[in-house]
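Notes follow once the structure below has been shown.
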Amino acid sequence: LVHEKISLQKYIKGSEIIFLGLHGGNGENGVIQKKLEDEGVKFNGSGSKASAICMDKFLTGEILAGMENEGIFVAPKKLMKASEIKNVEKIWIELVRELGSKTLIVKPHGDGCSSGIARLFSAVDLQKYLEIVKSGLASVPKGTLKNQNGILEMPQEKMEKILFEKFIETDSIRAVGNKLRHKKISGFVEVTVGVLAGHALSPSITIAESSILSVEEKFQGGTGINITPPSEEIVAVAVIERAKKSIEKVAKKVGISGYARIDAFLNIANGDIIVIEINTLPGLTASTVLYHQGLAEKTPIFPVQLLEKLID
């Protein structure tokens with residue numbers, strides 16, 4: 001077995017088809033997709049335009065704005081340059097007033113790996129987060145921010161822009177033994193939905209130990225819990241079907257092709273969704289929820305079949 005080190009450009013030029021598995025960064029933001037398009041090389045997943053749109057969480061929100069009559073919403077957002085945030089106390093008061101919630105979600109402007117996402121409870125938290133961004137730390141010890149129960153993984157690249165969002169409170173769902181305990185708080189639950197060739201798969205309810213999902217929970221590395229399909233005791237079948245149609249509309253609006261994974265908050269009463277983010281090249285590890293959702297189809301799609309569909 002001989003290993004040869006070659007440049008990306010040479011690899012592209014010598015290939016007829018390339019299977020992309022580079023979740024996040026330049027693997028998902030349209031950079032590599034554009035190179036492949038320019039060389040006429042076939043590849044899985046969305047094209048460069050849709051990839052670039054979905055990597056930019058603020059732009060994604062702007063494109064989806066105006067779909068409220070169809071039951072599709074986005075959380076209020078504010079994009080700021082990290083270097084422009086000087087008077088933290090004043091900025092915090094302005095953000096809380098403008099976004100309409102006492103606590104805020106903060107995240108990188110463009111990152112596909114769910115890193116750097118935190119809930120901020122005060123200007124003190126905001127100041128600490130800015131110091132973390134400035135320091136370039138790869139991870140942040142638990143307890144650095146208020147109610148931060150685990151390690152906070154940060155993006156590999158320095159964050160120039162920071163996205164603030166209204167915090168959306170969800171119902172409490174906990175797995176206790178072999179039973180689910182659902183406590184209604186807001187009527188919203190967090191779901192992640194795979195889209196395959198324009199068809200929305202069965203949503204999965206994602207359960208977080210804290211108010212936001214950790215990276216480990218997000219990628220299901222043996223630590224997180226997903227409910228696939230959602231329990232009818234929590235969400236009615238008719239509500240799920242309406243939400244799936246909305247997810248398909250979202251995928252079409254941003255130009256998704258092949259497959260994707262869309263995270264959203266689902267109103268369990270009427271099927272309205274609040275889109276969180278769209279991954280145009282979701283992870284395909286053995287523990288990814290896409291395989292669970294494929295198996296939950298009326299005609300089950302087994303893991304190897306799912307991968308073959310991505311290639312087709």
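Convention: chains lettered A, B, ... in structure tokens order; per-chain residue numbering from 1; ligands numbered from 1 as shown.
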(request) Please provide as a PyMOL selection string all residues within 12 Å of segment 9-14 of chain A, with the sequence filter that same-chain residues fewer than 4 positions apart are discarded (counting only C-alpha atoms). (result) chain A and resi 4-5+18-20+32-43
Name the residues in contact with Ser122 of chain A at a cut-off of 12 Å, using only C-alpha atoms, excluding same-chain residues fewer than 5 positions from it; report them as a PDB file with all heavy atoms, in the first residue's frame.
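The result, written out as out_19.pdb:
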```
ATOM      1  N   VAL A  88     -19.580  47.172  27.175  1.00  0.00           N
ATOM      2  CA  VAL A  88     -20.300  45.906  27.295  1.00  0.00           C
ATOM      3  C   VAL A  88     -21.649  46.085  27.984  1.00  0.00           C
ATOM      4  O   VAL A  88     -22.658  45.517  27.553  1.00  0.00           O
ATOM      5  CB  VAL A  88     -19.446  44.857  28.035  1.00  0.00           C
ATOM      6  CG1 VAL A  88     -20.241  43.572  28.262  1.00  0.00           C
ATOM      7  CG2 VAL A  88     -18.184  44.557  27.232  1.00  0.00           C
ATOM      8  N   GLU A  89     -21.694  46.851  29.059  1.00  0.00           N
ATOM      9  CA  GLU A  89     -22.950  47.068  29.780  1.00  0.00           C
ATOM     10  C   GLU A  89     -24.003  47.684  28.873  1.00  0.00           C
ATOM     11  O   GLU A  89     -25.159  47.235  28.837  1.00  0.00           O
ATOM     12  CB  GLU A  89     -22.707  47.982  30.989  1.00  0.00           C
ATOM     13  CG  GLU A  89     -21.906  47.354  32.108  1.00  0.00           C
ATOM     14  CD  GLU A  89     -22.768  46.442  32.990  1.00  0.00           C
ATOM     15  OE1 GLU A  89     -23.992  46.410  32.777  1.00  0.00           O
ATOM     16  OE2 GLU A  89     -22.198  45.778  33.877  1.00  0.00           O
ATOM     17  N   LYS A  90     -23.624  48.700  28.121  1.00  0.00           N
ATOM     18  CA  LYS A  90     -24.550  49.391  27.222  1.00  0.00           C
ATOM     19  C   LYS A  90     -25.005  48.464  26.094  1.00  0.00           C
ATOM     20  O   LYS A  90     -26.198  48.395  25.768  1.00  0.00           O
ATOM     21  CB  LYS A  90     -23.877  50.634  26.637  1.00  0.00           C
ATOM     22  CG  LYS A  90     -24.771  51.433  25.699  1.00  0.00           C
ATOM     23  CD  LYS A  90     -24.032  52.626  25.128  1.00  0.00           C
ATOM     24  CE  LYS A  90     -24.908  53.373  24.126  1.00  0.00           C
ATOM     25  NZ  LYS A  90     -24.170  54.517  23.508  1.00  0.00           N
ATOM     26  N   ILE A  91     -24.059  47.734  25.508  1.00  0.00           N
ATOM     27  CA  ILE A  91     -24.385  46.802  24.415  1.00  0.00           C
ATOM     28  C   ILE A  91     -25.345  45.729  24.903  1.00  0.00           C
ATOM     29  O   ILE A  91     -26.298  45.351  24.208  1.00  0.00           O
ATOM     30  CB  ILE A  91     -23.097  46.157  23.859  1.00  0.00           C
ATOM     31  CG1 ILE A  91     -22.235  47.200  23.130  1.00  0.00           C
ATOM     32  CG2 ILE A  91     -23.438  44.997  22.915  1.00  0.00           C
ATOM     33  CD1 ILE A  91     -22.855  47.769  21.874  1.00  0.00           C
ATOM     34  N   TRP A  92     -25.111  45.224  26.122  1.00  0.00           N
ATOM     35  CA  TRP A  92     -25.977  44.182  26.665  1.00  0.00           C
ATOM     36  C   TRP A  92     -27.429  44.673  26.796  1.00  0.00           C
ATOM     37  O   TRP A  92     -28.367  43.992  26.390  1.00  0.00           O
ATOM     38  CB  TRP A  92     -25.470  43.718  28.024  1.00  0.00           C
ATOM     39  CG  TRP A  92     -26.384  42.700  28.670  1.00  0.00           C
ATOM     40  CD1 TRP A  92     -27.300  42.919  29.664  1.00  0.00           C
ATOM     41  CD2 TRP A  92     -26.495  41.312  28.328  1.00  0.00           C
ATOM     42  NE1 TRP A  92     -27.963  41.767  29.969  1.00  0.00           N
ATOM     43  CE2 TRP A  92     -27.497  40.749  29.154  1.00  0.00           C
ATOM     44  CE3 TRP A  92     -25.845  40.489  27.413  1.00  0.00           C
ATOM     45  CZ2 TRP A  92     -27.864  39.417  29.107  1.00  0.00           C
ATOM     46  CZ3 TRP A  92     -26.204  39.147  27.352  1.00  0.00           C
ATOM     47  CH2 TRP A  92     -27.197  38.628  28.182  1.00  0.00           C
ATOM     48  N   ILE A  93     -27.590  45.868  27.338  1.00  0.00           N
ATOM     49  CA  ILE A  93     -28.937  46.443  27.502  1.00  0.00           C
ATOM     50  C   ILE A  93     -29.617  46.605  26.148  1.00  0.00           C
ATOM     51  O   ILE A  93     -30.801  46.295  25.975  1.00  0.00           O
ATOM     52  CB  ILE A  93     -28.852  47.805  28.239  1.00  0.00           C
ATOM     53  CG1 ILE A  93     -28.388  47.591  29.682  1.00  0.00           C
ATOM     54  CG2 ILE A  93     -30.197  48.527  28.198  1.00  0.00           C
ATOM     55  CD1 ILE A  93     -28.053  48.869  30.420  1.00  0.00           C
ATOM     56  N   LEU A  95     -28.961  44.903  23.339  1.00  0.00           N
ATOM     57  CA  LEU A  95     -29.250  43.590  22.752  1.00  0.00           C
ATOM     58  C   LEU A  95     -30.497  42.962  23.377  1.00  0.00           C
ATOM     59  O   LEU A  95     -31.354  42.422  22.671  1.00  0.00           O
ATOM     60  CB  LEU A  95     -28.050  42.652  22.942  1.00  0.00           C
ATOM     61  CG  LEU A  95     -26.833  42.901  22.057  1.00  0.00           C
ATOM     62  CD1 LEU A  95     -25.644  42.072  22.532  1.00  0.00           C
ATOM     63  CD2 LEU A  95     -27.145  42.575  20.599  1.00  0.00           C
ATOM     64  N   VAL A  96     -30.600  43.035  24.692  1.00  0.00           N
ATOM     65  CA  VAL A  96     -31.760  42.473  25.400  1.00  0.00           C
ATOM     66  C   VAL A  96     -33.042  43.153  24.941  1.00  0.00           C
ATOM     67  O   VAL A  96     -34.068  42.499  24.698  1.00  0.00           O
ATOM     68  CB  VAL A  96     -31.576  42.608  26.929  1.00  0.00           C
ATOM     69  CG1 VAL A  96     -32.887  42.339  27.663  1.00  0.00           C
ATOM     70  CG2 VAL A  96     -30.495  41.648  27.412  1.00  0.00           C
ATOM     71  N   SER A 101     -35.406  39.254  24.797  1.00  0.00           N
ATOM     72  CA  SER A 101     -35.300  38.196  25.808  1.00  0.00           C
ATOM     73  C   SER A 101     -34.264  38.596  26.857  1.00  0.00           C
ATOM     74  O   SER A 101     -33.309  39.315  26.557  1.00  0.00           O
ATOM     75  CB  SER A 101     -34.924  36.857  25.177  1.00  0.00           C
ATOM     76  OG  SER A 101     -33.662  36.915  24.559  1.00  0.00           O
ATOM     77  N   LYS A 102     -34.467  38.125  28.078  1.00  0.00           N
ATOM     78  CA  LYS A 102     -33.592  38.509  29.183  1.00  0.00           C
ATOM     79  C   LYS A 102     -32.225  37.845  29.092  1.00  0.00           C
ATOM     80  O   LYS A 102     -31.240  38.350  29.614  1.00  0.00           O
ATOM     81  CB  LYS A 102     -34.262  38.168  30.515  1.00  0.00           C
ATOM     82  CG  LYS A 102     -35.502  38.999  30.791  1.00  0.00           C
ATOM     83  CD  LYS A 102     -36.114  38.647  32.138  1.00  0.00           C
ATOM     84  CE  LYS A 102     -37.352  39.480  32.422  1.00  0.00           C
ATOM     85  NZ  LYS A 102     -37.970  39.142  33.726  1.00  0.00           N
ATOM     86  N   THR A 103     -32.184  36.651  28.481  1.00  0.00           N
ATOM     87  CA  THR A 103     -30.913  35.982  28.224  1.00  0.00           C
ATOM     88  C   THR A 103     -30.760  35.819  26.718  1.00  0.00           C
ATOM     89  O   THR A 103     -31.745  35.850  25.984  1.00  0.00           O
ATOM     90  CB  THR A 103     -30.839  34.605  28.913  1.00  0.00           C
ATOM     91  OG1 THR A 103     -31.849  33.751  28.365  1.00  0.00           O
ATOM     92  CG2 THR A 103     -31.059  34.742  30.412  1.00  0.00           C
ATOM     93  N   LEU A 104     -29.526  35.637  26.257  1.00  0.00           N
ATOM     94  CA  LEU A 104     -29.256  35.606  24.825  1.00  0.00           C
ATOM     95  C   LEU A 104     -28.422  34.386  24.444  1.00  0.00           C
ATOM     96  O   LEU A 104     -27.652  33.876  25.246  1.00  0.00           O
ATOM     97  CB  LEU A 104     -28.503  36.872  24.393  1.00  0.00           C
ATOM     98  CG  LEU A 104     -29.174  38.214  24.682  1.00  0.00           C
ATOM     99  CD1 LEU A 104     -28.217  39.354  24.348  1.00  0.00           C
ATOM    100  CD2 LEU A 104     -30.477  38.367  23.909  1.00  0.00           C
ATOM    101  N   ILE A 105     -28.594  33.964  23.211  1.00  0.00           N
ATOM    102  CA  ILE A 105     -27.721  32.946  22.633  1.00  0.00           C
ATOM    103  C   ILE A 105     -26.653  33.660  21.824  1.00  0.00           C
ATOM    104  O   ILE A 105     -26.938  34.593  21.068  1.00  0.00           O
ATOM    105  CB  ILE A 105     -28.514  31.987  21.711  1.00  0.00           C
ATOM    106  CG1 ILE A 105     -29.474  31.131  22.530  1.00  0.00           C
ATOM    107  CG2 ILE A 105     -27.570  31.094  20.913  1.00  0.00           C
ATOM    108  CD1 ILE A 105     -28.798  30.162  23.480  1.00  0.00           C
ATOM    109  N   VAL A 106     -25.413  33.239  21.977  1.00  0.00           N
ATOM    110  CA  VAL A 106     -24.311  33.801  21.205  1.00  0.00           C
ATOM    111  C   VAL A 106     -23.649  32.663  20.444  1.00  0.00           C
ATOM    112  O   VAL A 106     -23.537  31.542  20.942  1.00  0.00           O
ATOM    113  CB  VAL A 106     -23.297  34.525  22.125  1.00  0.00           C
ATOM    114  CG1 VAL A 106     -22.640  33.559  23.109  1.00  0.00           C
ATOM    115  CG2 VAL A 106     -22.237  35.246  21.310  1.00  0.00           C
ATOM    116  N   GLN A 127     -18.911  39.845  28.679  1.00  0.00           N
ATOM    117  CA  GLN A 127     -17.518  40.264  28.814  1.00  0.00           C
ATOM    118  C   GLN A 127     -16.582  39.061  28.806  1.00  0.00           C
ATOM    119  O   GLN A 127     -15.544  39.059  28.129  1.00  0.00           O
ATOM    120  CB  GLN A 127     -17.337  41.054  30.116  1.00  0.00           C
ATOM    121  CG  GLN A 127     -15.917  41.552  30.358  1.00  0.00           C
ATOM    122  CD  GLN A 127     -15.466  42.546  29.300  1.00  0.00           C
ATOM    123  OE1 GLN A 127     -16.150  43.532  29.028  1.00  0.00           O
ATOM    124  NE2 GLN A 127     -14.310  42.291  28.690  1.00  0.00           N
ATOM    125  N   LYS A 128     -16.970  38.007  29.531  1.00  0.00           N
ATOM    126  CA  LYS A 128     -16.148  36.792  29.561  1.00  0.00           C
ATOM    127  C   LYS A 128     -16.066  36.150  28.177  1.00  0.00           C
ATOM    128  O   LYS A 128     -15.002  35.680  27.763  1.00  0.00           O
ATOM    129  CB  LYS A 128     -16.724  35.793  30.569  1.00  0.00           C
ATOM    130  CG  LYS A 128     -16.552  36.193  32.020  1.00  0.00           C
ATOM    131  CD  LYS A 128     -17.148  35.137  32.947  1.00  0.00           C
ATOM    132  CE  LYS A 128     -16.983  35.508  34.398  1.00  0.00           C
ATOM    133  NZ  LYS A 128     -17.593  34.505  35.311  1.00  0.00           N
ATOM    134  N   TYR A 129     -17.193  36.122  27.477  1.00  0.00           N
ATOM    135  CA  TYR A 129     -17.210  35.504  26.144  1.00  0.00           C
ATOM    136  C   TYR A 129     -16.295  36.273  25.189  1.00  0.00           C
ATOM    137  O   TYR A 129     -15.553  35.669  24.397  1.00  0.00           O
ATOM    138  CB  TYR A 129     -18.639  35.472  25.601  1.00  0.00           C
ATOM    139  CG  TYR A 129     -18.803  34.618  24.350  1.00  0.00           C
ATOM    140  CD1 TYR A 129     -19.047  33.250  24.447  1.00  0.00           C
ATOM    141  CD2 TYR A 129     -18.699  35.173  23.076  1.00  0.00           C
ATOM    142  CE1 TYR A 129     -19.185  32.456  23.309  1.00  0.00           C
ATOM    143  CE2 TYR A 129     -18.833  34.389  21.932  1.00  0.00           C
ATOM    144  CZ  TYR A 129     -19.079  33.042  22.062  1.00  0.00           C
ATOM    145  OH  TYR A 129     -19.211  32.269  20.925  1.00  0.00           O
ATOM    146  N   LEU A 145     -18.813  30.382  32.246  1.00  0.00           N
ATOM    147  CA  LEU A 145     -20.016  31.188  32.082  1.00  0.00           C
ATOM    148  C   LEU A 145     -21.091  30.649  33.023  1.00  0.00           C
ATOM    149  O   LEU A 145     -21.047  29.496  33.445  1.00  0.00           O
ATOM    150  CB  LEU A 145     -20.514  31.126  30.638  1.00  0.00           C
ATOM    151  CG  LEU A 145     -19.514  31.555  29.548  1.00  0.00           C
ATOM    152  CD1 LEU A 145     -20.095  31.283  28.159  1.00  0.00           C
ATOM    153  CD2 LEU A 145     -19.174  33.041  29.688  1.00  0.00           C
ATOM    154  N   LYS A 146     -22.068  31.468  33.337  1.00  0.00           N
ATOM    155  CA  LYS A 146     -23.142  31.046  34.231  1.00  0.00           C
ATOM    156  C   LYS A 146     -23.892  29.847  33.646  1.00  0.00           C
ATOM    157  O   LYS A 146     -24.215  29.815  32.458  1.00  0.00           O
ATOM    158  CB  LYS A 146     -24.117  32.203  34.470  1.00  0.00           C
ATOM    159  CG  LYS A 146     -25.227  31.864  35.460  1.00  0.00           C
ATOM    160  CD  LYS A 146     -26.122  33.045  35.748  1.00  0.00           C
ATOM    161  CE  LYS A 146     -27.230  32.673  36.730  1.00  0.00           C
ATOM    162  NZ  LYS A 146     -28.104  33.823  37.055  1.00  0.00           N
ATOM    163  N   ASN A 147     -24.150  28.851  34.471  1.00  0.00           N
ATOM    164  CA  ASN A 147     -24.891  27.642  34.093  1.00  0.00           C
ATOM    165  C   ASN A 147     -24.244  26.871  32.939  1.00  0.00           C
ATOM    166  O   ASN A 147     -24.924  26.132  32.231  1.00  0.00           O
ATOM    167  CB  ASN A 147     -26.336  27.974  33.723  1.00  0.00           C
ATOM    168  CG  ASN A 147     -27.161  28.363  34.936  1.00  0.00           C
ATOM    169  OD1 ASN A 147     -26.667  28.382  36.062  1.00  0.00           O
ATOM    170  ND2 ASN A 147     -28.424  28.681  34.717  1.00  0.00           N
TER     171      ASN A 147
END
```
(message) So that I can see what lies close to segment 47-63 of chain A, please list as an MDAnalysis selection string the residues with an atom at most 9 Å from it, counting only C-alpha atoms and leaving out residues fewer than 5 positions away in the same chain.
(response) chainID A and resid 24:25 28:35 37 73:79 108:112 163 253:257 275:281
(request) Would you work out the distance separating atom CA of Arg261 of chain A from atom CA of Gly150 of chain A, expressed in Å to one decimal? (result) 24.5 Å
(request) Write down as a VMD selection string the residues belonging to segment 67-142 of chain A that are assigned strand (DSSP E or B) by DSSP computed on the backbone. (result) chain A and resid 72 to 74 77 to 81 104 to 108 118 to 120 139 to 140
Selected residues, N, CA and C atoms, written as a PDB file, in the first residue's frame, please.
```pdb
ATOM      1  N   ILE A  72     -43.219  29.390   9.090  1.00  0.00           N
ATOM      2  CA  ILE A  72     -41.758  29.277   9.137  1.00  0.00           C
ATOM      3  C   ILE A  72     -41.182  30.587   9.663  1.00  0.00           C
ATOM      4  N   PHE A  73     -40.455  30.508  10.761  1.00  0.00           N
ATOM      5  CA  PHE A  73     -39.933  31.692  11.419  1.00  0.00           C
ATOM      6  C   PHE A  73     -38.431  31.545  11.669  1.00  0.00           C
ATOM      7  N   VAL A  74     -37.785  32.658  11.964  1.00  0.00           N
ATOM      8  CA  VAL A  74     -36.393  32.644  12.437  1.00  0.00           C
ATOM      9  C   VAL A  74     -36.331  33.504  13.694  1.00  0.00           C
ATOM     10  N   LYS A  77     -32.232  38.252  15.354  1.00  0.00           N
ATOM     11  CA  LYS A  77     -30.775  38.151  15.371  1.00  0.00           C
ATOM     12  C   LYS A  77     -30.118  39.528  15.302  1.00  0.00           C
ATOM     13  N   LYS A  78     -28.900  39.598  15.773  1.00  0.00           N
ATOM     14  CA  LYS A  78     -28.085  40.811  15.672  1.00  0.00           C
ATOM     15  C   LYS A  78     -26.644  40.393  15.421  1.00  0.00           C
ATOM     16  N   LEU A  79     -26.070  40.874  14.323  1.00  0.00           N
ATOM     17  CA  LEU A  79     -24.688  40.533  13.967  1.00  0.00           C
ATOM     18  C   LEU A  79     -23.781  41.703  14.302  1.00  0.00           C
ATOM     19  N   MET A  80     -22.697  41.425  15.010  1.00  0.00           N
ATOM     20  CA  MET A  80     -21.775  42.485  15.404  1.00  0.00           C
ATOM     21  C   MET A  80     -20.330  42.036  15.227  1.00  0.00           C
ATOM     22  N   LYS A  81     -19.464  42.980  14.925  1.00  0.00           N
ATOM     23  CA  LYS A  81     -18.034  42.704  14.901  1.00  0.00           C
ATOM     24  C   LYS A  81     -17.523  42.684  16.340  1.00  0.00           C
ATOM     25  N   LEU A 104     -29.526  35.637  26.257  1.00  0.00           N
ATOM     26  CA  LEU A 104     -29.256  35.606  24.825  1.00  0.00           C
ATOM     27  C   LEU A 104     -28.422  34.386  24.444  1.00  0.00           C
ATOM     28  N   ILE A 105     -28.594  33.964  23.211  1.00  0.00           N
ATOM     29  CA  ILE A 105     -27.721  32.946  22.633  1.00  0.00           C
ATOM     30  C   ILE A 105     -26.653  33.660  21.824  1.00  0.00           C
ATOM     31  N   VAL A 106     -25.413  33.239  21.977  1.00  0.00           N
ATOM     32  CA  VAL A 106     -24.311  33.801  21.205  1.00  0.00           C
ATOM     33  C   VAL A 106     -23.649  32.663  20.444  1.00  0.00           C
ATOM     34  N   LYS A 107     -23.247  32.938  19.209  1.00  0.00           N
ATOM     35  CA  LYS A 107     -22.638  31.900  18.384  1.00  0.00           C
ATOM     36  C   LYS A 107     -21.766  32.528  17.313  1.00  0.00           C
ATOM     37  N   PRO A 108     -20.881  31.749  16.695  1.00  0.00           N
ATOM     38  CA  PRO A 108     -20.092  32.262  15.575  1.00  0.00           C
ATOM     39  C   PRO A 108     -21.003  32.632  14.401  1.00  0.00           C
ATOM     40  N   ALA A 118     -23.208  29.507  23.086  1.00  0.00           N
ATOM     41  CA  ALA A 118     -23.394  29.606  24.532  1.00  0.00           C
ATOM     42  C   ALA A 118     -24.623  30.452  24.843  1.00  0.00           C
ATOM     43  N   ARG A 119     -25.124  30.268  26.056  1.00  0.00           N
ATOM     44  CA  ARG A 119     -26.218  31.109  26.549  1.00  0.00           C
ATOM     45  C   ARG A 119     -25.615  32.121  27.505  1.00  0.00           C
ATOM     46  N   LEU A 120     -25.924  33.385  27.277  1.00  0.00           N
ATOM     47  CA  LEU A 120     -25.412  34.460  28.116  1.00  0.00           C
ATOM     48  C   LEU A 120     -26.528  34.975  29.018  1.00  0.00           C
ATOM     49  N   SER A 139     -10.926  25.606  23.762  1.00  0.00           N
ATOM     50  CA  SER A 139     -12.051  25.152  24.569  1.00  0.00           C
ATOM     51  C   SER A 139     -12.072  25.931  25.877  1.00  0.00           C
ATOM     52  N   VAL A 140     -13.255  25.980  26.462  1.00  0.00           N
ATOM     53  CA  VAL A 140     -13.447  26.764  27.680  1.00  0.00           C
ATOM     54  C   VAL A 140     -13.922  25.837  28.799  1.00  0.00           C
TER      55      VAL A 140
END
```
